[in-house]
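Please read the structure below before turning to the comments.
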Amino acid sequence: AIGTAGVAAPLGSVLQRNAKAQTAASAPAKAFALLGDESHNPDMQRTAFQSTLVQDAGLPIDFSDEEKLLSYEMLQRYKILIIFRNGTRHPGGYSHLTGNRVSVPPLQKTLNGAFVATITDEQCQAIKRWVQEGGSLWAWHNNSRLSLMRKDYRDVQGATIIGHPPSRPYKVKIINQDHPITKGVKDFVITDEQHFLVYEKDPKYVLAMSVNEDGLTYRDRDGKQSNTCESVWAYDYGKGRVCMTAPGHDLFALWNPEFEKMQKNAVKWLLRET
């Protein structure tokens with residue numbers, strides 16, 4: 001289903017509007033947000049973005065949790081594609097979520113935890129073409145998992161995920177304060193999943209690093225233990241633009257005041273307003 005904040009949904013179905021959007025002038029949505037997976041409730045993400053992006057940044061967004069809507073033709077209606085989703089499903093069950101469960105009589109099926117990709121090669125090729133022609137991709141958090149399975153998307157998004165430790169405090173350290181996305185943004189600390197990634201683009205595009213200042217580590221791309229990793233980056237891709245923001249597992253991270261400042265800056269940069 002597709003829900004809309006501030007606009008009439010061009011693809012039909014139920015509308016979801018916030019107070020600011022209801023009083024705003026009617027206009028086509030500028031962004032399409034594909035949200036949610038087994039570890040991330042799309043309602044939480046929608047709540048976050050309706051506050052930070054729709055109300056505070058003034059960005060009209062069409063929200064959905066249906067990958068099947070993605071197509072080159074659909075993307076022509078938007079300037080920004082937000083993907084806060086890993087692009088997988090687990091048809092055999094979420095074995096990592098079971099813990100010490102009781103079932104009487106016992107389960108007859110085995111929870112294997114294997115995942116399959118639900119965003120196709122053709123859809124990733126469509127995203128790549130759309131960005132090359134001038135669209136803007138805004139990838140979030142665990143979306144780098146999709147890059148493990150889709151080469152075309154990996155080339156656009158710029159990284160693959162290694163993994164992450166449990167949520168714990170870490171600093172997002174700004175290393176390029178001259179970029180429009182990080183202009184005026186100070187270092188900030190959040191309790192969040194610190195994602196460790198294999199970043200594959202030029203280091204000059206990295207805007208912020210995640211740093212665990214308590215000395216807690218996770219494996220890096222070389223299999224060694226590290227307390228830091230690339231966390232935010234942005235670059236031109238063809239005629240389009242790409243931004244990746246790795247923090248954001250929950251509202252406490254997404255609504256951090258400095259992170260919200262970064263998000264509002266990113267909207268302007270992706271729309272080429274700065």
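Simple scheme: letters A, B, ... for chains in structure tokens order, numbers from 1 for residues in each chain, numbers from 1 for ligands in the order shown.
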
For this session: Assign secondary structure with DSSP using the backbone only, and return the residues of stretch 66-238 of chain A in strand (DSSP E or B) as a PyMOL selection string.
Result: chain A and resi 80-84+88-89+116-117+136-140+159-163+168-174+188-192+196-199+206-211+218-219+225-226+228-237

Take the residues just selected and output them with C-alpha atoms as a PDB file, in the first residue's frame.
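What landed in out_37.pdb:
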ATOM      1  CA  ILE A  80      14.171  11.682  -4.616  1.00  0.00           C
ATOM      2  CA  LEU A  81      13.989   7.948  -3.947  1.00  0.00           C
ATOM      3  CA  ILE A  82      14.351   7.111  -0.245  1.00  0.00           C
ATOM      4  CA  ILE A  83      15.055   3.442   0.516  1.00  0.00           C
ATOM      5  CA  PHE A  84      15.073   2.445   4.179  1.00  0.00           C
ATOM      6  CA  THR A  88      14.946  -9.141   1.505  1.00  0.00           C
ATOM      7  CA  ARG A  89      12.355 -11.485   2.948  1.00  0.00           C
ATOM      8  CA  VAL A 116      15.789 -13.970  -0.697  1.00  0.00           C
ATOM      9  CA  ALA A 117      15.986 -10.680  -2.540  1.00  0.00           C
ATOM     10  CA  SER A 136      18.541  11.419  -6.397  1.00  0.00           C
ATOM     11  CA  LEU A 137      18.900   8.261  -4.309  1.00  0.00           C
ATOM     12  CA  TRP A 138      18.846   8.558  -0.510  1.00  0.00           C
ATOM     13  CA  ALA A 139      19.866   5.197   0.981  1.00  0.00           C
ATOM     14  CA  TRP A 140      19.385   4.544   4.690  1.00  0.00           C
ATOM     15  CA  ALA A 159      28.856  -0.012  -0.119  1.00  0.00           C
ATOM     16  CA  THR A 160      27.937  -3.421   1.233  1.00  0.00           C
ATOM     17  CA  ILE A 161      27.254  -4.287   4.852  1.00  0.00           C
ATOM     18  CA  ILE A 162      29.495  -6.465   7.007  1.00  0.00           C
ATOM     19  CA  GLY A 163      27.283  -6.445  10.082  1.00  0.00           C
ATOM     20  CA  ARG A 168      25.164   0.964  21.925  1.00  0.00           C
ATOM     21  CA  PRO A 169      26.342   4.586  22.141  1.00  0.00           C
ATOM     22  CA  TYR A 170      28.711   5.877  19.480  1.00  0.00           C
ATOM     23  CA  LYS A 171      29.704   9.212  18.011  1.00  0.00           C
ATOM     24  CA  VAL A 172      28.930  10.380  14.488  1.00  0.00           C
ATOM     25  CA  LYS A 173      32.043  12.434  13.743  1.00  0.00           C
ATOM     26  CA  ILE A 174      31.826  14.998  10.949  1.00  0.00           C
ATOM     27  CA  PHE A 188      26.715  13.977  17.887  1.00  0.00           C
ATOM     28  CA  VAL A 189      26.308  10.859  20.001  1.00  0.00           C
ATOM     29  CA  ILE A 190      23.464   8.364  19.593  1.00  0.00           C
ATOM     30  CA  THR A 191      22.568   4.946  20.902  1.00  0.00           C
ATOM     31  CA  ASP A 192      22.098   2.995  17.705  1.00  0.00           C
ATOM     32  CA  PHE A 196      30.191  -1.661   9.667  1.00  0.00           C
ATOM     33  CA  LEU A 197      30.428  -1.471   5.891  1.00  0.00           C
ATOM     34  CA  VAL A 198      32.683  -2.062   2.949  1.00  0.00           C
ATOM     35  CA  TYR A 199      32.737   1.426   1.414  1.00  0.00           C
ATOM     36  CA  VAL A 206      32.798  10.548   3.023  1.00  0.00           C
ATOM     37  CA  LEU A 207      31.173  13.196   5.224  1.00  0.00           C
ATOM     38  CA  ALA A 208      31.039  11.456   8.605  1.00  0.00           C
ATOM     39  CA  MET A 209      32.463   8.449  10.416  1.00  0.00           C
ATOM     40  CA  SER A 210      30.926   6.385  13.206  1.00  0.00           C
ATOM     41  CA  VAL A 211      33.284   6.104  16.194  1.00  0.00           C
ATOM     42  CA  TYR A 218      33.471  -4.957  15.408  1.00  0.00           C
ATOM     43  CA  ARG A 219      35.181  -6.570  12.452  1.00  0.00           C
ATOM     44  CA  GLN A 225      38.572  -5.413  14.929  1.00  0.00           C
ATOM     45  CA  SER A 226      37.769  -1.731  14.539  1.00  0.00           C
ATOM     46  CA  THR A 228      35.128   3.169  13.406  1.00  0.00           C
ATOM     47  CA  CYS A 229      33.585   3.054   9.933  1.00  0.00           C
ATOM     48  CA  GLU A 230      32.261   5.281   7.166  1.00  0.00           C
ATOM     49  CA  SER A 231      28.768   6.432   8.159  1.00  0.00           C
ATOM     50  CA  VAL A 232      27.584   9.212   5.825  1.00  0.00           C
ATOM     51  CA  TRP A 233      28.639   9.960   2.252  1.00  0.00           C
ATOM     52  CA  ALA A 234      27.379  11.803  -0.795  1.00  0.00           C
ATOM     53  CA  TYR A 235      28.422  12.162  -4.420  1.00  0.00           C
ATOM     54  CA  ASP A 236      27.223  12.886  -7.932  1.00  0.00           C
ATOM     55  CA  TYR A 237      26.380   9.828 -10.019  1.00  0.00           C
TER      56      TYR A 237
END

Exercise. Hey, what does DSSP flag as helix (DSSP H, G or I) within stretch 65-160 of chain A? Can you give it to me as a PyMOL selection string?
Worked result: chain A and resi 67-69+72-75+95-97+121-132+141-147+151-157

For this session: Would you please work out which residue, of A:Gln76, A:Asn256, A:Thr120, A:Ser103, is nearest to A:Asp187 when using only C-alpha atoms?
Result: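 Result for the nearest residue to A:Asp187: A:Asn256.
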
Closest atom pairs, stretch 101-137 of chain A residues within 12 Å of stretch 36-57 of chain A, only C-alpha atoms, as JSON lines:
{"residue": "A:Gly113", "atom": "CA", "partner": "A:Glu38", "partner_atom": "CA", "distance": 11.4}
{"residue": "A:Phe115", "atom": "CA", "partner": "A:Glu38", "partner_atom": "CA", "distance": 10.8}
{"residue": "A:Ala117", "atom": "CA", "partner": "A:Asp37", "partner_atom": "CA", "distance": 11.8}
{"residue": "A:Thr118", "atom": "CA", "partner": "A:Asp37", "partner_atom": "CA", "distance": 10.8}

Exercise. In terms of the shortest atom-to-atom distance over only C-alpha atoms, which of A:Leu59, A:Phe32, A:His90, A:Gln132 is closest to A:Asn112?
Worked result: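 Nearest to A:Asn112: A:His90.
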
Problem set entry | Length of the atom CA of A:Leu75 to atom CA of A:Arg129 vector [Å] |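 Separation between atom CA of A:Leu75 and atom CA of A:Arg129: 10.1 Å.
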